[in-house]
$ cat target_20.txt   # compact mmCIF, C-alpha atoms and all ligand atoms
# COMPACT_ATOMS: atom_id res chain seq x y z
CA ALA A 871 0.00 0.00 0.00
CA GLY A 872 1.16 3.54 -0.71
CA ARG A 873 1.95 6.03 1.98
CA LEU A 874 -1.20 7.76 3.27
CA PRO A 875 -1.40 11.43 2.23
CA LEU A 876 -1.13 12.83 5.79
CA ALA A 877 1.28 10.24 7.24
CA GLY A 878 3.64 11.94 9.69
CA ARG A 879 1.45 15.07 9.93
CA HIS A 880 -0.35 16.50 12.96
CA VAL A 881 -3.85 17.90 12.39
CA LEU A 882 -5.62 19.91 15.10
CA ILE A 883 -9.37 20.43 14.83
CA THR A 884 -11.90 22.35 16.93
CA SER A 885 -15.52 21.19 16.93
CA GLY A 886 -18.89 21.77 18.53
CA PRO A 887 -20.35 24.73 20.38
CA THR A 888 -18.96 26.33 23.50
CA HIS A 889 -20.90 26.73 26.73
CA GLU A 890 -20.37 30.03 28.49
CA PRO A 891 -21.35 29.86 32.16
CA ILE A 892 -23.82 32.34 33.65
CA ASP A 893 -23.85 30.81 37.12
CA PRO A 894 -23.25 27.27 38.45
CA VAL A 895 -26.39 25.90 36.75
CA ARG A 896 -26.89 28.02 33.62
CA TYR A 897 -24.98 28.72 30.43
CA ILE A 898 -25.16 30.41 27.02
CA ALA A 899 -24.85 28.00 24.09
CA ASN A 900 -25.59 27.66 20.36
CA ARG A 901 -27.02 25.02 18.02
CA SER A 902 -23.77 23.59 16.65
CA SER A 903 -23.87 19.76 16.67
CA GLY A 904 -20.14 19.17 16.10
CA LYS A 905 -20.92 16.82 13.19
CA GLN A 906 -18.72 18.63 10.66
CA GLY A 907 -15.75 18.99 13.02
CA HIS A 908 -15.94 15.38 14.19
CA ALA A 909 -16.19 14.20 10.56
CA LEU A 910 -13.03 16.19 9.79
CA ALA A 911 -11.20 14.47 12.63
CA ALA A 912 -12.23 11.04 11.34
CA ALA A 913 -11.21 11.97 7.77
CA ALA A 914 -7.83 13.31 8.90
CA TYR A 915 -7.14 10.07 10.79
CA ALA A 916 -8.19 8.02 7.74
CA ALA A 917 -5.69 10.04 5.70
CA GLY A 918 -2.91 8.96 8.04
CA ALA A 919 -2.56 12.00 10.33
CA ARG A 920 -2.10 12.16 14.08
CA VAL A 921 -5.24 14.02 15.10
CA THR A 922 -6.10 16.20 18.09
CA LEU A 923 -9.78 17.12 18.39
CA VAL A 924 -10.63 19.93 20.81
CA SER A 925 -14.35 19.65 21.30
CA GLY A 926 -17.02 21.65 23.07
CA PRO A 927 -20.01 19.81 24.59
CA VAL A 928 -21.53 17.53 21.90
CA ASP A 929 -23.75 14.47 21.74
CA LEU A 930 -21.43 12.52 19.46
CA PRO A 931 -19.16 9.55 20.07
CA ASP A 932 -15.43 10.30 20.06
CA PRO A 933 -13.94 9.53 16.64
CA ALA A 934 -11.74 6.42 16.82
CA ASN A 935 -7.96 6.79 17.15
CA VAL A 936 -8.14 10.53 17.77
CA GLU A 937 -6.96 12.37 20.89
CA VAL A 938 -10.08 14.16 22.13
CA ILE A 939 -9.77 17.11 24.51
CA ARG A 940 -13.15 18.09 25.97
CA VAL A 941 -13.77 21.69 26.94
CA GLN A 942 -16.75 23.84 27.86
CA SER A 943 -15.95 27.51 27.27
CA ALA A 944 -14.11 29.50 24.60
CA ALA A 945 -11.37 30.36 27.10
CA GLU A 946 -10.81 26.66 27.80
CA MET A 947 -10.86 25.89 24.07
CA LEU A 948 -8.15 28.49 23.40
CA THR A 949 -5.94 27.08 26.15
CA ALA A 950 -6.39 23.53 24.85
CA VAL A 951 -5.58 24.58 21.28
CA GLU A 952 -2.44 26.47 22.30
CA THR A 953 -1.32 23.53 24.45
CA HIS A 954 -1.63 21.12 21.51
CA LEU A 955 0.16 23.20 18.87
CA PRO A 956 2.30 22.90 16.78
CA ALA A 957 0.28 21.31 13.99
CA ASP A 958 0.81 21.08 10.25
CA ILE A 959 -2.89 21.76 9.63
CA ALA A 960 -5.43 23.38 11.95
CA ILE A 961 -9.12 23.43 11.13
CA MET A 962 -11.32 25.59 13.34
CA ALA A 963 -14.78 24.14 12.89
CA ALA A 964 -16.11 25.01 16.35
CA ALA A 965 -18.96 27.47 16.74
CA VAL A 966 -17.25 29.47 19.45
CA ALA A 967 -19.53 31.80 21.39
CA ASP A 968 -18.76 35.43 20.55
CA TRP A 969 -19.54 36.57 24.09
CA ARG A 970 -19.34 35.28 27.62
CA VAL A 971 -20.83 36.65 30.81
CA ALA A 972 -18.41 39.22 32.22
CA SER A 973 -18.50 37.88 35.77
CA GLU A 974 -19.82 34.37 36.26
CA GLY A 975 -22.03 34.19 39.36
CA ALA A 976 -20.57 32.07 42.16
CA GLN A 977 -24.11 31.18 43.26
CA LYS A 978 -27.29 30.47 41.34
CA ILE A 979 -28.92 33.78 40.45
CA LYS A 980 -32.28 34.05 42.25
CA LYS A 981 -35.43 36.00 41.48
CA ASP A 982 -35.39 38.92 43.88
CA GLY A 983 -39.18 39.39 43.99
CA SER A 984 -39.06 42.81 42.34
CA GLY A 985 -40.27 41.43 39.01
CA LYS A 986 -37.19 42.98 37.36
CA PRO A 987 -34.97 40.48 35.54
CA PRO A 988 -31.22 40.55 36.20
CA ALA A 989 -29.03 42.26 33.59
CA LEU A 990 -26.29 40.06 32.15
CA GLN A 991 -23.16 41.99 31.28
CA LEU A 992 -21.39 40.35 28.31
CA THR A 993 -17.78 40.58 27.24
CA GLU A 994 -16.13 39.42 24.01
CA ASN A 995 -14.44 36.03 23.87
CA PRO A 996 -10.95 35.53 22.45
CA ASP A 997 -10.96 34.62 18.75
CA ILE A 998 -9.15 31.28 18.62
CA LEU A 999 -8.71 31.21 14.84
CA ALA A 1000 -7.35 34.78 14.77
CA THR A 1001 -5.04 34.11 17.72
CA VAL A 1002 -3.57 31.05 16.00
CA GLY A 1003 -3.46 32.87 12.64
CA HIS A 1004 -1.31 35.62 14.13
CA HIS A 1005 1.05 33.36 16.12
CA ASP A 1006 4.51 33.99 14.72
CA SER A 1007 6.12 30.71 15.74
CA LEU A 1008 3.14 28.37 16.14
CA ARG A 1009 1.02 29.22 13.10
CA PRO A 1010 0.21 25.97 11.27
CA GLU A 1011 1.34 25.68 7.67
CA LEU A 1012 -2.31 25.46 6.59
CA LEU A 1013 -4.97 27.20 8.68
CA ILE A 1014 -8.62 26.69 7.83
CA GLY A 1015 -11.66 28.41 9.32
CA PHE A 1016 -15.37 28.16 8.80
CA ALA A 1017 -17.85 30.95 8.21
CA ALA A 1018 -21.44 30.13 9.02
CA GLU A 1019 -23.55 33.01 7.76
CA THR A 1020 -27.14 33.79 6.95
CA GLN A 1021 -26.28 36.67 4.58
CA ASN A 1022 -23.40 38.14 2.48
CA LEU A 1023 -21.65 34.77 2.59
CA ILE A 1024 -18.67 35.45 0.33
CA ASP A 1025 -17.95 39.01 1.49
CA ASN A 1026 -18.02 37.87 5.09
CA ALA A 1027 -15.79 34.87 4.32
CA ARG A 1028 -13.24 37.08 2.52
CA SER A 1029 -13.04 39.53 5.38
CA LYS A 1030 -12.56 36.65 7.86
CA LEU A 1031 -9.75 35.27 5.72
CA GLU A 1032 -7.91 38.59 6.09
CA ARG A 1033 -8.83 39.51 9.66
CA LYS A 1034 -7.98 36.09 11.09
CA ASN A 1035 -5.04 35.44 8.76
CA ALA A 1036 -6.45 32.08 7.64
CA ASP A 1037 -5.54 30.33 4.37
CA TRP A 1038 -9.00 29.04 3.58
CA ILE A 1039 -12.47 29.76 4.84
CA ILE A 1040 -15.12 27.10 4.32
CA ALA A 1041 -18.25 29.20 3.95
CA ASN A 1042 -21.70 27.80 4.53
CA ASP A 1043 -25.18 29.29 4.53
CA VAL A 1044 -26.82 28.32 7.81
CA SER A 1045 -30.20 29.99 7.19
CA PRO A 1046 -32.83 27.87 8.98
CA GLN A 1047 -34.40 26.64 5.71
CA THR A 1048 -31.09 24.99 4.67
CA GLY A 1049 -31.25 22.45 7.53
CA ILE A 1050 -27.43 22.54 7.78
CA MET A 1051 -27.25 23.32 11.51
CA GLY A 1052 -27.63 19.88 13.11
CA GLY A 1053 -28.28 18.14 9.78
CA ASP A 1054 -26.14 15.54 8.00
CA ALA A 1055 -25.61 17.40 4.71
CA ASN A 1056 -23.69 20.53 3.93
CA THR A 1057 -23.31 22.88 0.96
CA VAL A 1058 -20.08 24.85 1.20
CA ARG A 1059 -17.75 27.09 -0.72
CA LEU A 1060 -14.01 27.09 -0.36
CA VAL A 1061 -12.83 30.70 -0.19
CA SER A 1062 -9.09 31.29 -0.52
CA ARG A 1063 -6.91 34.13 -1.74
CA SER A 1064 -7.03 32.58 -5.20
CA GLY A 1065 -10.82 32.58 -5.50
CA VAL A 1066 -14.07 30.88 -4.58
CA GLU A 1067 -15.00 27.27 -5.35
CA ASP A 1068 -18.63 26.18 -5.09
CA TRP A 1069 -18.98 22.58 -3.97
CA PRO A 1070 -22.22 20.62 -4.53
CA GLU A 1071 -24.38 19.50 -1.62
CA MET A 1072 -22.67 16.55 0.09
CA SER A 1073 -22.82 14.68 3.36
CA LYS A 1074 -20.72 16.23 6.13
CA ALA A 1075 -18.51 13.12 5.90
CA ASP A 1076 -17.88 13.80 2.19
CA VAL A 1077 -17.23 17.50 2.81
CA ALA A 1078 -14.70 16.42 5.44
CA ARG A 1079 -12.94 13.95 3.11
CA ARG A 1080 -12.74 16.56 0.35
CA ILE A 1081 -11.33 19.25 2.66
CA ILE A 1082 -8.73 16.79 3.98
CA ALA A 1083 -7.78 15.63 0.46
CA ARG A 1084 -7.33 19.25 -0.66
CA ALA A 1085 -5.37 20.11 2.46
CA ALA A 1086 -2.99 17.18 1.86
CA GLU A 1087 -2.42 18.40 -1.72
CA ALA A 1088 -1.80 21.95 -0.51
CA LEU A 1089 0.89 20.79 1.93
CA LYS A 1090 2.68 18.94 -0.85
CA GLY A 1091 2.52 21.77 -3.35
O1 LIG A 1101 -16.19 35.40 13.19
P1 LIG A 1101 -16.86 34.06 13.09
O2 LIG A 1101 -17.29 33.50 14.42
O3 LIG A 1101 -17.96 33.99 12.08
O4 LIG A 1101 -15.69 33.15 12.52
C1 LIG A 1101 -15.88 31.78 12.35
C2 LIG A 1101 -14.54 31.09 12.34
O5 LIG A 1101 -13.71 31.58 13.39
C3 LIG A 1101 -14.68 29.62 12.62
O6 LIG A 1101 -13.59 28.96 12.00
C4 LIG A 1101 -14.60 29.56 14.14
O7 LIG A 1101 -14.20 28.29 14.60
C5 LIG A 1101 -13.55 30.62 14.41
N1 LIG A 1101 -13.72 31.32 15.70
C6 LIG A 1101 -12.81 31.09 16.72
N2 LIG A 1101 -12.93 31.75 17.91
C7 LIG A 1101 -13.93 32.64 18.09
C8 LIG A 1101 -14.86 32.88 17.06
C9 LIG A 1101 -14.73 32.19 15.89
O8 LIG A 1101 -11.91 30.27 16.54
N3 LIG A 1101 -14.05 33.29 19.25
$ encode --input "target_20.txt" --output "C-alpha cells"
Amino acid sequence: AGRLPLAGRHVLITSGPTHEPIDPVRYIANRSSGKQGHALAAAAYAAGARVTLVSGPVDLPDPANVEVIRVQSAAEMLTAVETHLPADIAIMAAAVADWRVASEGAQKIKKDGSGKPPALQLTENPDILATVGHHDSLRPELLIGFAAETQNLIDNARSKLERKNADWIIANDVSPQTGIMGGDANTVRLVSRSGVEDWPEMSKADVARRIIARAAEALKG
C-alpha cells in the first residue's frame, strides 16, 4: 500500500459549540452539533494524520484513534488549542460563542421578587482562529476556518480570511431553511486568496474527506 497522504502530519481540529457559564447551573450555548468537526477528525485520521480534536459539549461519540480534549468555554478551548500546537494543519470548525458573561455568578442567580430580571453583562471572547493565525512561531502551515452566515456569505468569508489570517475559509449558509445546523448534509464554498469554489451538496462526511484531500495536496505543493 502507498503512503497515506497525511502520514507523519499533525492535524488539530476544533468542533462543537462552546458553553459560556452564567452561574453554576446556567450557560449560554448555540445550536452547533459538532458533526462537521468530528467528521473532519475522522477523515484526517483516515488520511494517516495524528489528530487532536478539541471539542465543546456535543452528543457525538469520540472519533476512533483521535486524541479528544473536551472543553466547555471558549477560554478553555483556546488554552487547549495552544497547548496542543504545533500542527501542520489546523481546522477551526467550532462554533465558538462570541460573548461570555463578564463575571460568572458564584451562586445560582435568584429572582429577587421585584419582578425585574437581572441584567447580564457580556464581554467578548478571544478569537481562537485569529489568535492562531497571528502566532509567529506556532502558526500551522495550513490554517482553515469556517464561516457560518445567513447573509453576504462570500464578502463575510473574505473579510474573515484577512482579519484572522487564515488560508481558507469554508463558507456555509446556515439559514434555517437549509437544515445545515444539526443536519447531516452541507453545501459549502471554499474561499481562498485565489478565489471561490462552489462545492455541490454533500454529506458532512464527504465534505470532510474533500477538505482533507485538498489540504494534503496543498501541503505537498
Ligand atoms: O467570526 P466568526 O465566528 O464567524 O468566525 C468563524 C470562524 O472563526 C470559525 O472557523 C470559528 O471556529 C472561528 N472562531 C474562533 N474563535 C472565536 C470565534 C470564531 O476560533 N471566538
$ residues_around --input "target_20.txt" --residues "range 973-985 of chain A" --least-positions-apart "5" --cutoff "12 Å" --atoms "all atoms listed in the file" --output "list in words"
Glu890, Pro891, Ile892, Asp893, Pro894, Val895, Arg896, Tyr897, Ile898, Ser943, Leu990, Gln991, Leu992 and Thr993 of chain A
$ write_last_selection --input "target_20.txt" --atoms "C-alpha atoms" --output "PDB file, in the frame of the given file"
ATOM      1  CA  GLU A 890     -20.370  30.030  28.490  1.00  0.00           C
ATOM      2  CA  PRO A 891     -21.350  29.860  32.160  1.00  0.00           C
ATOM      3  CA  ILE A 892     -23.820  32.340  33.650  1.00  0.00           C
ATOM      4  CA  ASP A 893     -23.850  30.810  37.120  1.00  0.00           C
ATOM      5  CA  PRO A 894     -23.250  27.270  38.450  1.00  0.00           C
ATOM      6  CA  VAL A 895     -26.390  25.900  36.750  1.00  0.00           C
ATOM      7  CA  ARG A 896     -26.890  28.020  33.620  1.00  0.00           C
ATOM      8  CA  TYR A 897     -24.980  28.720  30.430  1.00  0.00           C
ATOM      9  CA  ILE A 898     -25.160  30.410  27.020  1.00  0.00           C
ATOM     10  CA  SER A 943     -15.950  27.510  27.270  1.00  0.00           C
ATOM     11  CA  LEU A 990     -26.290  40.060  32.150  1.00  0.00           C
ATOM     12  CA  GLN A 991     -23.160  41.990  31.280  1.00  0.00           C
ATOM     13  CA  LEU A 992     -21.390  40.350  28.310  1.00  0.00           C
ATOM     14  CA  THR A 993     -17.780  40.580  27.240  1.00  0.00           C
TER      15      THR A 993
END
$ closest_residue --input "target_20.txt" --among "A:Ile883, A:Leu948, A:Leu1013, A:Val966" --to "Ala1088 in chain A" --atoms "all atoms listed in the file"
A:Leu1013
$ atom_distance --input "target_20.txt" --atom1 "CA of Arg1059 in chain A" --atom2 "CA of Ala1085 in chain A"
14.6 Å
$ atom_distance --input "target_20.txt" --atom1 "atom N1 of ligand LIG 1101 (chain A)" --atom2 "CA of Pro875 in chain A"
27.0 Å
$ residues_around --input "target_20.txt" --residues "range 958-963 of chain A" --least-positions-apart "4" --cutoff "6 Å" --atoms "all atoms listed in the file" --output "ChimeraX atom specification"
/A:880-885,907,1010-1016
$ closest_residue --input "target_20.txt" --among "A:Thr1020, A:Thr1001, A:Gln942, A:Asn935" --to "Thr1048 in chain A" --atoms "all atoms listed in the file"
A:Thr1020
$ build_atoms --input "target_20.txt" --residues "range 871-882 of chain A" --atoms "all heavy atoms" --output "mmCIF file, in the frame of the given file"
data_model
loop_
_atom_site.group_PDB
_atom_site.id
_atom_site.type_symbol
_atom_site.label_atom_id
_atom_site.label_comp_id
_atom_site.auth_asym_id
_atom_site.auth_seq_id
_atom_site.Cartn_x
_atom_site.Cartn_y
_atom_site.Cartn_z
ATOM 1 N N ALA A 871 0.855 -1.211 0.000
ATOM 2 C CA ALA A 871 0.000 0.000 0.000
ATOM 3 C C ALA A 871 0.876 1.240 0.000
ATOM 4 O O ALA A 871 1.939 1.275 0.598
ATOM 5 C CB ALA A 871 -0.886 -0.019 1.247
ATOM 6 N N GLY A 872 0.418 2.275 -0.654
ATOM 7 C CA GLY A 872 1.160 3.540 -0.710
ATOM 8 C C GLY A 872 1.075 4.254 0.607
ATOM 9 O O GLY A 872 0.281 3.905 1.473
ATOM 10 N N ARG A 873 1.942 5.236 0.762
ATOM 11 C CA ARG A 873 1.950 6.030 1.980
ATOM 12 C C ARG A 873 0.685 6.891 2.008
ATOM 13 O O ARG A 873 0.309 7.495 1.008
ATOM 14 C CB ARG A 873 3.193 6.908 1.905
ATOM 15 C CG ARG A 873 3.661 7.479 3.205
ATOM 16 C CD ARG A 873 5.032 8.155 2.899
ATOM 17 N NE ARG A 873 5.199 9.330 3.736
ATOM 18 C CZ ARG A 873 5.598 9.275 5.006
ATOM 19 N NH1 ARG A 873 5.840 8.110 5.574
ATOM 20 N NH2 ARG A 873 5.745 10.382 5.708
ATOM 21 N N LEU A 874 0.018 6.939 3.156
ATOM 22 C CA LEU A 874 -1.200 7.760 3.270
ATOM 23 C C LEU A 874 -0.836 9.246 3.140
ATOM 24 O O LEU A 874 0.253 9.658 3.543
ATOM 25 C CB LEU A 874 -1.896 7.482 4.601
ATOM 26 C CG LEU A 874 -2.554 6.095 4.699
ATOM 27 C CD1 LEU A 874 -2.960 5.786 6.130
ATOM 28 C CD2 LEU A 874 -3.748 5.995 3.758
ATOM 29 N N PRO A 875 -1.750 10.042 2.572
ATOM 30 C CA PRO A 875 -1.400 11.430 2.230
ATOM 31 C C PRO A 875 -1.000 12.305 3.425
ATOM 32 O O PRO A 875 -0.242 13.245 3.247
ATOM 33 C CB PRO A 875 -2.662 11.976 1.551
ATOM 34 C CG PRO A 875 -3.739 10.970 1.789
ATOM 35 C CD PRO A 875 -3.071 9.661 2.057
ATOM 36 N N LEU A 876 -1.494 11.989 4.631
ATOM 37 C CA LEU A 876 -1.130 12.830 5.790
ATOM 38 C C LEU A 876 -0.255 12.064 6.795
ATOM 39 O O LEU A 876 -0.163 12.461 7.957
ATOM 40 C CB LEU A 876 -2.376 13.412 6.459
ATOM 41 C CG LEU A 876 -3.100 14.500 5.653
ATOM 42 C CD1 LEU A 876 -4.334 15.007 6.414
ATOM 43 C CD2 LEU A 876 -2.181 15.686 5.324
ATOM 44 N N ALA A 877 0.385 10.995 6.347
ATOM 45 C CA ALA A 877 1.280 10.240 7.240
ATOM 46 C C ALA A 877 2.357 11.183 7.775
ATOM 47 O O ALA A 877 2.920 11.988 7.039
ATOM 48 C CB ALA A 877 1.913 9.082 6.489
ATOM 49 N N GLY A 878 2.596 11.109 9.084
ATOM 50 C CA GLY A 878 3.640 11.940 9.690
ATOM 51 C C GLY A 878 3.199 13.363 10.005
ATOM 52 O O GLY A 878 3.983 14.155 10.529
ATOM 53 N N ARG A 879 1.951 13.706 9.693
ATOM 54 C CA ARG A 879 1.450 15.070 9.930
ATOM 55 C C ARG A 879 0.571 15.126 11.168
ATOM 56 O O ARG A 879 -0.095 14.148 11.520
ATOM 57 C CB ARG A 879 0.606 15.531 8.730
ATOM 58 C CG ARG A 879 1.351 15.526 7.411
ATOM 59 C CD ARG A 879 2.397 16.598 7.360
ATOM 60 N NE ARG A 879 2.826 16.840 5.992
ATOM 61 C CZ ARG A 879 3.566 17.896 5.634
ATOM 62 N NH1 ARG A 879 3.984 18.769 6.546
ATOM 63 N NH2 ARG A 879 3.909 18.051 4.379
ATOM 64 N N HIS A 880 0.549 16.275 11.813
ATOM 65 C CA HIS A 880 -0.350 16.500 12.960
ATOM 66 C C HIS A 880 -1.454 17.461 12.518
ATOM 67 O O HIS A 880 -1.170 18.534 11.992
ATOM 68 C CB HIS A 880 0.425 17.102 14.138
ATOM 69 C CG HIS A 880 -0.429 17.383 15.341
ATOM 70 N ND1 HIS A 880 -0.204 18.443 16.188
ATOM 71 C CD2 HIS A 880 -1.534 16.743 15.831
ATOM 72 C CE1 HIS A 880 -1.114 18.441 17.156
ATOM 73 N NE2 HIS A 880 -1.935 17.426 16.959
ATOM 74 N N VAL A 881 -2.697 17.060 12.723
ATOM 75 C CA VAL A 881 -3.850 17.900 12.390
ATOM 76 C C VAL A 881 -4.614 18.201 13.669
ATOM 77 O O VAL A 881 -4.977 17.293 14.419
ATOM 78 C CB VAL A 881 -4.778 17.188 11.371
ATOM 79 C CG1 VAL A 881 -5.986 18.059 11.045
ATOM 80 C CG2 VAL A 881 -4.010 16.848 10.084
ATOM 81 N N LEU A 882 -4.860 19.482 13.914
ATOM 82 C CA LEU A 882 -5.620 19.910 15.100
ATOM 83 C C LEU A 882 -6.954 20.492 14.636
ATOM 84 O O LEU A 882 -6.985 21.320 13.725
ATOM 85 C CB LEU A 882 -4.801 20.954 15.874
ATOM 86 C CG LEU A 882 -5.412 21.399 17.216
ATOM 87 C CD1 LEU A 882 -4.290 21.714 18.209
ATOM 88 C CD2 LEU A 882 -6.289 22.622 17.062
#
